[in-house]
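Novice: One file is attached below, work-v3.cif, containing mmCIF, C-alpha atoms and all ligand atoms.
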```cif
data_my_file
#
loop_
_atom_site.label_atom_id
_atom_site.label_comp_id
_atom_site.auth_asym_id
_atom_site.auth_seq_id
_atom_site.Cartn_x
_atom_site.Cartn_y
_atom_site.Cartn_z
CA MET A 1 -10.42 -10.00 0.16
CA PRO A 2 -11.21 -13.61 -0.74
CA LEU A 3 -9.92 -15.07 -3.99
CA ALA A 4 -13.50 -15.57 -5.21
CA GLU A 5 -14.20 -11.87 -4.80
CA ILE A 6 -11.09 -10.81 -6.74
CA THR A 7 -11.99 -13.31 -9.46
CA ALA A 8 -15.55 -11.96 -9.61
CA ARG A 9 -14.22 -8.40 -9.96
CA ILE A 10 -11.90 -9.53 -12.75
CA HIS A 11 -14.77 -11.22 -14.60
CA LYS A 12 -16.93 -8.12 -14.21
CA ALA A 13 -14.18 -5.90 -15.59
CA GLU A 14 -13.65 -8.30 -18.52
CA ALA A 15 -17.38 -8.24 -19.31
CA ALA A 16 -17.49 -4.43 -19.08
CA ALA A 17 -14.61 -4.23 -21.56
CA GLY A 18 -16.28 -6.73 -23.92
CA ARG A 19 -13.51 -9.22 -23.28
CA PRO A 20 -13.99 -12.98 -22.88
CA GLN A 21 -14.23 -14.26 -19.33
CA GLY A 22 -10.92 -15.71 -18.27
CA SER A 23 -8.86 -13.65 -20.71
CA THR A 24 -6.95 -12.05 -17.82
CA THR A 25 -4.46 -14.06 -15.77
CA LEU A 26 -4.44 -13.24 -12.06
CA ILE A 27 -0.93 -13.38 -10.62
CA ALA A 28 -1.21 -13.60 -6.84
CA ILE A 29 1.75 -11.60 -5.55
CA SER A 30 2.83 -13.50 -2.45
CA LYS A 31 6.08 -11.65 -1.60
CA VAL A 32 6.68 -11.34 2.16
CA GLN A 33 3.26 -12.79 2.98
CA PRO A 34 3.04 -15.36 5.77
CA LEU A 35 3.07 -18.93 4.47
CA GLU A 36 -0.41 -19.73 5.81
CA ARG A 37 -1.97 -16.95 3.70
CA VAL A 38 -0.25 -18.38 0.63
CA THR A 39 -1.24 -21.99 1.28
CA ALA A 40 -4.84 -20.85 1.89
CA VAL A 41 -4.96 -19.46 -1.66
CA LEU A 42 -3.20 -22.58 -3.00
CA ASP A 43 -5.77 -24.76 -1.27
CA GLU A 44 -8.54 -22.83 -3.00
CA GLY A 45 -7.00 -24.04 -6.25
CA HIS A 46 -5.08 -20.98 -7.42
CA ARG A 47 -1.75 -21.84 -9.06
CA VAL A 48 -0.32 -18.60 -10.48
CA PHE A 49 1.89 -16.70 -8.07
CA GLY A 50 4.38 -13.86 -8.31
CA GLU A 51 7.41 -12.96 -6.23
CA ASN A 52 9.87 -10.08 -6.39
CA ARG A 53 13.05 -11.64 -4.99
CA VAL A 54 14.74 -14.71 -6.44
CA GLN A 55 16.34 -15.98 -3.25
CA GLU A 56 13.28 -15.64 -1.01
CA ALA A 57 11.11 -17.17 -3.69
CA THR A 58 13.42 -20.17 -4.07
CA GLY A 59 13.31 -20.81 -0.32
CA ARG A 60 9.56 -20.58 -0.15
CA TRP A 61 8.52 -22.34 -3.34
CA THR A 62 11.00 -25.22 -3.57
CA PRO A 63 9.10 -27.23 -0.90
CA LEU A 64 5.70 -26.10 -2.22
CA LEU A 65 6.60 -27.40 -5.69
CA GLU A 66 6.74 -30.87 -4.14
CA GLN A 67 3.29 -30.45 -2.61
CA TYR A 68 1.30 -28.71 -5.34
CA ASP A 69 0.91 -29.58 -9.02
CA ARG A 70 0.88 -27.18 -11.95
CA LEU A 71 2.42 -24.23 -10.14
CA ASP A 72 3.11 -21.28 -12.41
CA LEU A 73 5.58 -18.85 -10.85
CA HIS A 74 6.28 -15.34 -12.10
CA LEU A 75 9.20 -13.07 -11.23
CA VAL A 76 7.94 -9.49 -11.05
CA GLY A 77 10.88 -7.88 -9.24
CA PRO A 78 14.29 -6.70 -10.40
CA LEU A 79 16.60 -9.31 -11.84
CA GLN A 80 20.35 -9.31 -11.24
CA SER A 81 22.51 -11.17 -13.69
CA ASN A 82 24.17 -13.21 -10.92
CA LYS A 83 20.72 -14.56 -9.97
CA LEU A 84 19.70 -15.40 -13.50
CA ARG A 85 20.34 -19.14 -13.36
CA PRO A 86 18.22 -19.81 -10.23
CA ALA A 87 15.61 -17.44 -11.65
CA VAL A 88 15.19 -19.35 -14.91
CA GLU A 89 15.07 -22.60 -12.97
CA LEU A 90 12.22 -21.47 -10.72
CA PHE A 91 10.14 -19.05 -12.78
CA GLY A 92 8.06 -19.82 -15.85
CA THR A 93 7.75 -16.12 -16.62
CA ILE A 94 10.01 -13.13 -16.00
CA HIS A 95 8.37 -9.69 -16.06
CA SER A 96 11.46 -7.56 -15.47
CA LEU A 97 13.71 -7.88 -18.50
CA ASP A 98 15.14 -4.39 -18.94
CA ARG A 99 18.81 -4.56 -19.96
CA GLU A 100 20.72 -5.87 -22.96
CA LYS A 101 23.24 -7.56 -20.71
CA LEU A 102 20.43 -9.58 -19.11
CA ALA A 103 18.96 -10.36 -22.50
CA ARG A 104 22.30 -11.67 -23.72
CA LYS A 105 22.74 -13.89 -20.66
CA LEU A 106 19.17 -15.14 -21.01
CA ALA A 107 19.80 -15.96 -24.65
CA ASP A 108 22.94 -17.94 -23.67
CA LEU A 109 21.06 -19.80 -20.92
CA ALA A 110 18.21 -20.56 -23.32
CA GLN A 111 20.70 -22.07 -25.78
CA GLU A 112 22.24 -24.16 -23.05
CA ARG A 113 18.96 -25.37 -21.54
CA GLY A 114 16.96 -25.62 -24.76
CA HIS A 115 14.22 -23.67 -23.03
CA CYS A 116 13.56 -20.10 -21.95
CA PRO A 117 11.01 -18.59 -19.55
CA LYS A 118 8.31 -16.38 -21.01
CA LEU A 119 9.62 -12.84 -21.08
CA PHE A 120 8.04 -9.45 -20.48
CA VAL A 121 10.04 -6.27 -20.96
CA GLN A 122 9.59 -3.84 -18.08
CA VAL A 123 8.99 -0.30 -19.32
CA ASN A 124 9.60 2.71 -17.08
CA THR A 125 6.57 4.52 -18.50
CA GLY A 126 6.92 7.42 -16.07
CA ALA A 127 10.67 7.78 -16.75
CA GLU A 128 11.24 7.75 -12.99
CA PRO A 129 14.96 7.82 -12.16
CA GLN A 130 14.68 5.39 -9.21
CA LYS A 131 12.62 2.87 -11.14
CA ALA A 132 13.76 -0.08 -13.23
CA GLY A 133 12.64 -0.53 -16.81
CA VAL A 134 13.48 0.50 -20.35
CA LEU A 135 12.61 4.11 -21.12
CA PRO A 136 9.70 4.46 -23.57
CA GLU A 137 11.86 6.09 -26.25
CA ALA A 138 14.36 3.20 -26.05
CA LEU A 139 11.82 0.41 -26.15
CA ASP A 140 11.57 -0.31 -29.88
CA ALA A 141 15.35 -0.61 -30.21
CA PHE A 142 15.48 -2.85 -27.12
CA VAL A 143 12.80 -5.15 -28.52
CA GLY A 144 14.74 -5.31 -31.78
CA ALA A 145 17.96 -6.15 -29.94
CA CYS A 146 16.26 -8.98 -28.01
CA ARG A 147 14.79 -10.42 -31.19
CA ALA A 148 18.18 -10.24 -32.87
CA MET A 149 19.41 -12.52 -30.06
CA ASP A 150 16.59 -14.97 -30.93
CA LEU A 151 14.75 -14.24 -27.69
CA THR A 152 10.98 -14.59 -27.92
CA LEU A 153 9.19 -11.77 -26.10
CA ASP A 154 5.70 -12.23 -24.71
CA GLY A 155 4.79 -8.71 -23.75
CA LEU A 156 5.44 -5.56 -21.77
CA MET A 157 5.12 -4.76 -18.07
CA CYS A 158 4.82 -1.46 -16.22
CA ILE A 159 4.45 -0.08 -12.70
CA PRO A 160 2.95 3.41 -13.04
CA PRO A 161 4.19 6.27 -10.83
CA VAL A 162 2.23 6.27 -7.56
CA ASP A 163 0.97 9.83 -7.94
CA GLU A 164 -0.22 9.67 -11.53
CA GLU A 165 -3.36 8.39 -13.21
CA PRO A 166 -2.50 4.75 -13.97
CA SER A 167 -4.77 4.55 -17.01
CA LEU A 168 -2.52 6.92 -18.95
CA HIS A 169 0.38 4.55 -18.35
CA PHE A 170 -1.67 1.47 -19.19
CA ALA A 171 -2.77 3.07 -22.46
CA LEU A 172 0.82 4.01 -23.28
CA LEU A 173 2.04 0.47 -22.57
CA ARG A 174 -0.66 -0.96 -24.80
CA LYS A 175 0.27 1.34 -27.65
CA MET A 176 3.93 0.39 -27.34
CA ALA A 177 3.03 -3.31 -27.30
CA GLU A 178 0.84 -3.02 -30.38
CA ARG A 179 3.51 -1.13 -32.26
CA ASN A 180 5.98 -3.95 -31.50
CA GLY A 181 3.63 -6.82 -32.29
CA LEU A 182 3.41 -7.96 -28.65
CA THR A 183 0.19 -9.25 -27.12
CA GLY A 184 1.07 -9.64 -23.43
CA LEU A 185 0.35 -6.72 -21.10
CA SER A 186 1.38 -7.15 -17.47
CA MET A 187 -0.25 -4.20 -15.77
CA GLY A 188 -2.60 -3.43 -12.89
CA MET A 189 -2.12 -4.07 -9.17
CA SER A 190 -4.45 -4.11 -6.14
CA ALA A 191 -5.60 -0.52 -6.53
CA ASP A 192 -6.11 -0.42 -10.29
CA PHE A 193 -6.46 -3.89 -11.81
CA GLU A 194 -9.95 -3.17 -13.16
CA GLN A 195 -8.68 -0.11 -15.04
CA ALA A 196 -5.84 -2.24 -16.43
CA ILE A 197 -8.31 -4.89 -17.64
CA ALA A 198 -10.35 -2.16 -19.34
CA LEU A 199 -7.19 -1.21 -21.25
CA GLY A 200 -6.33 -4.77 -22.25
CA ALA A 201 -4.20 -6.27 -19.44
CA SER A 202 -3.39 -9.93 -20.08
CA HIS A 203 -1.88 -10.31 -16.59
CA VAL A 204 -2.79 -8.41 -13.42
CA ARG A 205 -0.48 -8.56 -10.40
CA VAL A 206 -2.50 -8.45 -7.21
CA GLY A 207 -0.90 -8.70 -3.77
CA SER A 208 -2.36 -6.83 -0.81
CA ALA A 209 -6.00 -6.87 -2.00
CA LEU A 210 -5.85 -10.66 -2.00
CA PHE A 211 -3.57 -11.49 0.92
CA GLY A 212 -3.99 -8.45 3.16
CA ALA A 213 -1.42 -5.75 3.88
CA ARG A 214 2.18 -6.87 3.70
CA VAL A 215 3.82 -7.17 7.10
CA SER A 216 7.13 -5.68 5.99
CA ALA A 217 8.14 -3.53 3.03
CA GLY A 218 8.57 -5.34 -0.25
C1 LIG B 301 4.29 -5.90 -4.88
C2 LIG B 301 4.04 -5.84 -6.32
C3 LIG B 301 2.75 -5.96 -6.83
C4 LIG B 301 1.51 -6.13 -5.98
O1 LIG B 301 1.19 -4.93 -5.34
P1 LIG B 301 -0.21 -4.74 -4.57
O2 LIG B 301 -0.42 -3.28 -4.60
O3 LIG B 301 0.01 -5.29 -3.20
O4 LIG B 301 -1.24 -5.47 -5.32
C5 LIG B 301 2.60 -5.93 -8.21
N1 LIG B 301 3.64 -5.78 -9.03
C6 LIG B 301 4.91 -5.67 -8.58
C7 LIG B 301 6.01 -5.51 -9.55
C8 LIG B 301 5.15 -5.68 -7.21
O5 LIG B 301 6.41 -5.55 -6.78
#
```
Go ahead and express the file in the form of structure tokens.
Ligand SMILES: *Cc1c(COP(=O)(O)O)cnc(C)c1O

Specialist:
Amino acid sequence: MPLAEITARIHKAEAAAGRPQGSTTLIAISKVQPLERVTAVLDEGHRVFGENRVQEATGRWTPLLEQYDRLDLHLVGPLQSNKLRPAVELFGTIHSLDREKLARKLADLAQERGHCPKLFVQVNTGAEPQKAGVLPEALDAFVGACRAMDLTLDGLMCIPPVDEEPSLHFALLRKMAERNGLTGLSMGMSADFEQAIALGASHVRVGSALFGARVSAG
């Protein structure tokens, strides 16, 4: 689906929810997409992209950063502590903070660099054993622990279980964000970004609807 069509759908969903046009950031999830699909979207003027693997993203985006201004890269996939340094160098926002050990290392890196990426805490709203994220009942304490380390948090992120109504998870995430004084809500993907906007998403993460089906798993 062309970028203009996704953008039009986002604007329509914002209007339906009584939200200002442009209040949702579209993160174009370019993981494992062929380079020509990515440059096509770049050449249309889009600058906000998301990837799920640090190493692949570094390989792809390092040359593109030379060619395109104002790129805004988001890490939406799992973060290992041994990849933290390259991650904070490449990404302006990390959506997958979910462990105290990571938070501590991020806090140390922020001290050292005098700068920290924007941070979203990933919440495992469906309490799925195979999925990353802080469990809902542990979230408030986790937020408190991050703040005690002087980390500034921007919001919460979730990936609802595939077989459940996503709106329930979006509503839960919003409630948890409100309760913790957080305004960012990273929620909604290709199949459900309009529902996420209706429930207050600040960032939607759209991959296949924009670029076409991914060639390999990712
Ligand atoms: C791949 C991915 C997306 C995009 O998924 P689509 O269904 O292709 O839009 C969004 N968020 C995360 C965390 C992902 O890994």

Novice: Skip range 54-67 of chain A itself and residues of its chain fewer than 4 positions away, then list as a PyMOL selection string all residues within 10 Å of it, counting all atoms listed in the file.

Specialist: chain A and resi 30-32+35+39+42+49-50+71-80+83-91

Novice: Per residue of chain A within 6 Å of ligand LIG 301 (chain B), record the nearest atom pair and its distance in Å to one decimal, counting only C-alpha atoms and all ligand atoms, with rows in chain order and ascending residue number, as CSV.

Specialist:
```
residue,atom,partner,partner_atom,distance
A:Ile29,CA,B:LIG301,C4,5.5
A:Asn52,CA,B:LIG301,O5,5.7
A:Val76,CA,B:LIG301,C7,4.7
A:Gly77,CA,B:LIG301,C7,5.4
A:Met189,CA,B:LIG301,O4,4.2
A:Ser190,CA,B:LIG301,O4,3.6
A:Arg205,CA,B:LIG301,C5,4.6
A:Val206,CA,B:LIG301,O4,3.7
A:Gly207,CA,B:LIG301,O3,3.6
A:Ser208,CA,B:LIG301,O3,3.7
A:Ala209,CA,B:LIG301,O4,6.0
```

Novice: Counting all atoms listed in the file, write as a list in words all protein and nucleic acid residues lying at most 10 Å from (13.4, 4.5, -21.2) in the file's frame.

Specialist: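 Those within range, by chain then number, are Asp98, Gln122, Val123, Asn124, Thr125, Gly126, Ala127, Glu128, Pro129, Ala132, Gly133, Val134, Leu135, Pro136, Glu137, Ala138, Leu139 and Phe142 of chain A.
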
Novice: May I ask which of the residues A:Glu36, A:Glu100, A:Asp192, A:Asp43 is the closest one to Gly144 in chain A, counting all atoms listed in the file?

Specialist: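 Between A:Glu36, A:Glu100, A:Asp192, A:Asp43, the residue approaching Gly144 in chain A most closely is A:Glu100.
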
Novice: Please compute the CA of Val204 in chain A-CA of Glu44 in chain A distance, one decimal, in Å.

Specialist: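 Interatomic distance here is 18.7 Å.
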
Novice: Just want the 10 Å neighbourhood of Arg104 in chain A, counted on all atoms listed in the file, with same-chain residues fewer than 5 positions away dropped. Output as a PyMOL selection string.

Specialist: chain A and resi 99+109-110+145-146+149-151

Novice: Take the residues that were just selected and, keeping C-alpha atoms, output them as a tab-separated table (two decimals), in the frame of the given file.

Specialist:
```
chain	number	residue	atom	x	y	z
A	99	ARG	CA	18.81	-4.56	-19.96
A	109	LEU	CA	21.06	-19.80	-20.92
A	110	ALA	CA	18.21	-20.56	-23.32
A	145	ALA	CA	17.96	-6.15	-29.94
A	146	CYS	CA	16.26	-8.98	-28.01
A	149	MET	CA	19.41	-12.52	-30.06
A	150	ASP	CA	16.59	-14.97	-30.93
A	151	LEU	CA	14.75	-14.24	-27.69
```

Novice: Which value, in Å to one decimal, gives the distance between CA of Ile197 in chain A and CA of Arg147 in chain A?

Specialist: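 Answer for the CA of Ile197 in chain A to CA of Arg147 in chain A separation: 27.3 Å.
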
Novice: Determine the nearest neighbour of Ala213 in chain A from the options A:Gly114, A:Pro34, A:Gly200, A:Gly188, counting only C-alpha atoms.

Specialist: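 The closest residue to Ala213 in chain A is A:Pro34.
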
Novice: Would you mind reading off the distance between CA of Gly212 in chain A and CA of Pro2 in chain A, one decimal, in Å?

Specialist: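 Taking CA of Gly212 in chain A and CA of Pro2 in chain A, their separation equals 9.7 Å.
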
Novice: Have a look at A:Phe211, A:Glu194, A:Leu185, A:Leu119 and name the one nearest to Leu3 in chain A; count only C-alpha atoms.

Specialist: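 Looking at the shortest contact to Leu3 in chain A, the residue is A:Phe211.
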
Novice: If we count all atoms listed in the file and set the cut-off at 7 Å, which residues sit around Ala177 in chain A, ignoring sequence neighbours fewer than 5 positions away in its own chain? Please answer as a list in words.

Specialist: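 Listing them by chain and then by number gives Gly155, Leu156, Leu182 and Thr183 of chain A.
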
Novice: Skip range 17-20 of chain A itself and residues of its chain fewer than 4 positions away, then list as a short mmCIF file (atom, residue, chain, number, x, y, z; two decimals) with C-alpha atoms, keeping the file's coordinate frame all residues within 10 Å of it, counting only C-alpha atoms.

Specialist:
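Listing of selection.cif after writing:
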```
data_model
loop_
_atom_site.label_atom_id
_atom_site.label_comp_id
_atom_site.auth_asym_id
_atom_site.auth_seq_id
_atom_site.Cartn_x
_atom_site.Cartn_y
_atom_site.Cartn_z
CA HIS A 11 -14.77 -11.22 -14.60
CA LYS A 12 -16.93 -8.12 -14.21
CA ALA A 13 -14.18 -5.90 -15.59
CA THR A 24 -6.95 -12.05 -17.82
CA GLU A 194 -9.95 -3.17 -13.16
CA GLN A 195 -8.68 -0.11 -15.04
CA ILE A 197 -8.31 -4.89 -17.64
CA ALA A 198 -10.35 -2.16 -19.34
CA LEU A 199 -7.19 -1.21 -21.25
CA GLY A 200 -6.33 -4.77 -22.25
#
```

Novice: Find, counting only C-alpha atoms, the residue in A:Phe120, A:Tyr68, A:Phe193, A:Phe170 that gets nearest to Ile10 in chain A.

Specialist: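 Among the listed residues, the smallest separation from Ile10 in chain A belongs to A:Phe193.
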
Novice: Under the rule that all atoms listed in the file are counted, which of A:Ala40, A:Arg179, A:Thr7, A:Asp154 is the nearest residue to Thr25 in chain A?

Specialist: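 Nearest candidate to Thr25 in chain A out of A:Ala40, A:Arg179, A:Thr7, A:Asp154: A:Thr7.
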
Novice: Please reconstruct the missing atoms of range 170-192 of chain A (target: N, CA, C and O atoms) and return them as a short mmCIF file (atom, residue, chain, number, x, y, z; two decimals), in the frame of the given file.

Specialist:
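out38.cif, freshly written:
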```cif
data_model
loop_
_atom_site.label_atom_id
_atom_site.label_comp_id
_atom_site.auth_asym_id
_atom_site.auth_seq_id
_atom_site.Cartn_x
_atom_site.Cartn_y
_atom_site.Cartn_z
N PHE A 170 -1.19 2.72 -18.59
CA PHE A 170 -1.67 1.47 -19.19
C PHE A 170 -1.91 1.66 -20.70
O PHE A 170 -1.57 0.80 -21.51
N ALA A 171 -2.49 2.80 -21.04
CA ALA A 171 -2.77 3.07 -22.46
C ALA A 171 -1.46 3.20 -23.25
O ALA A 171 -1.35 2.71 -24.38
N LEU A 172 -0.48 3.85 -22.63
CA LEU A 172 0.82 4.01 -23.28
C LEU A 172 1.48 2.64 -23.50
O LEU A 172 2.02 2.35 -24.57
N LEU A 173 1.41 1.80 -22.47
CA LEU A 173 2.04 0.47 -22.57
C LEU A 173 1.39 -0.34 -23.69
O LEU A 173 2.06 -1.01 -24.48
N ARG A 174 0.07 -0.23 -23.77
CA ARG A 174 -0.66 -0.96 -24.80
C ARG A 174 -0.25 -0.51 -26.20
O ARG A 174 -0.03 -1.32 -27.10
N LYS A 175 -0.13 0.79 -26.35
CA LYS A 175 0.27 1.34 -27.65
C LYS A 175 1.66 0.83 -28.04
O LYS A 175 1.90 0.44 -29.19
N MET A 176 2.57 0.84 -27.07
CA MET A 176 3.93 0.39 -27.34
C MET A 176 3.95 -1.10 -27.67
O MET A 176 4.74 -1.55 -28.52
N ALA A 177 3.09 -1.87 -27.01
CA ALA A 177 3.03 -3.31 -27.30
C ALA A 177 2.50 -3.55 -28.71
O ALA A 177 3.08 -4.33 -29.48
N GLU A 178 1.44 -2.85 -29.05
CA GLU A 178 0.84 -3.02 -30.38
C GLU A 178 1.84 -2.69 -31.47
O GLU A 178 2.00 -3.43 -32.45
N ARG A 179 2.53 -1.59 -31.27
CA ARG A 179 3.51 -1.13 -32.26
C ARG A 179 4.63 -2.15 -32.46
O ARG A 179 5.25 -2.22 -33.51
N ASN A 180 4.90 -2.96 -31.41
CA ASN A 180 5.98 -3.95 -31.50
C ASN A 180 5.47 -5.37 -31.71
O ASN A 180 6.23 -6.33 -31.58
N GLY A 181 4.18 -5.49 -32.01
CA GLY A 181 3.63 -6.82 -32.29
C GLY A 181 3.62 -7.73 -31.08
O GLY A 181 3.77 -8.95 -31.20
N LEU A 182 3.43 -7.16 -29.89
CA LEU A 182 3.41 -7.96 -28.65
C LEU A 182 2.00 -7.98 -28.09
O LEU A 182 1.31 -6.95 -28.06
N THR A 183 1.56 -9.15 -27.61
CA THR A 183 0.19 -9.25 -27.12
C THR A 183 0.07 -9.24 -25.59
O THR A 183 -0.98 -8.97 -25.05
N GLY A 184 1.14 -9.58 -24.89
CA GLY A 184 1.07 -9.64 -23.43
C GLY A 184 1.16 -8.27 -22.80
O GLY A 184 2.01 -7.45 -23.20
N LEU A 185 0.30 -8.00 -21.83
CA LEU A 185 0.35 -6.72 -21.10
C LEU A 185 0.23 -7.03 -19.62
O LEU A 185 -0.84 -7.38 -19.14
N SER A 186 1.35 -6.91 -18.91
CA SER A 186 1.38 -7.15 -17.47
C SER A 186 1.22 -5.81 -16.77
O SER A 186 2.18 -5.05 -16.66
N MET A 187 0.00 -5.52 -16.37
CA MET A 187 -0.25 -4.20 -15.77
C MET A 187 -1.51 -4.26 -14.91
O MET A 187 -2.44 -5.00 -15.19
N GLY A 188 -1.50 -3.45 -13.83
CA GLY A 188 -2.60 -3.43 -12.89
C GLY A 188 -2.22 -4.17 -11.62
O GLY A 188 -1.74 -5.30 -11.68
N MET A 189 -2.41 -3.49 -10.48
CA MET A 189 -2.12 -4.07 -9.17
C MET A 189 -3.39 -3.92 -8.33
O MET A 189 -4.47 -3.66 -8.87
N SER A 190 -3.26 -4.10 -7.01
CA SER A 190 -4.45 -4.11 -6.14
C SER A 190 -5.37 -2.91 -6.36
O SER A 190 -6.60 -3.06 -6.38
N ALA A 191 -4.78 -1.73 -6.51
CA ALA A 191 -5.60 -0.52 -6.53
C ALA A 191 -6.20 -0.22 -7.91
O ALA A 191 -7.12 0.61 -8.01
N ASP A 192 -5.71 -0.87 -8.96
CA ASP A 192 -6.11 -0.42 -10.29
C ASP A 192 -6.25 -1.55 -11.31
O ASP A 192 -6.19 -1.32 -12.51
#
```
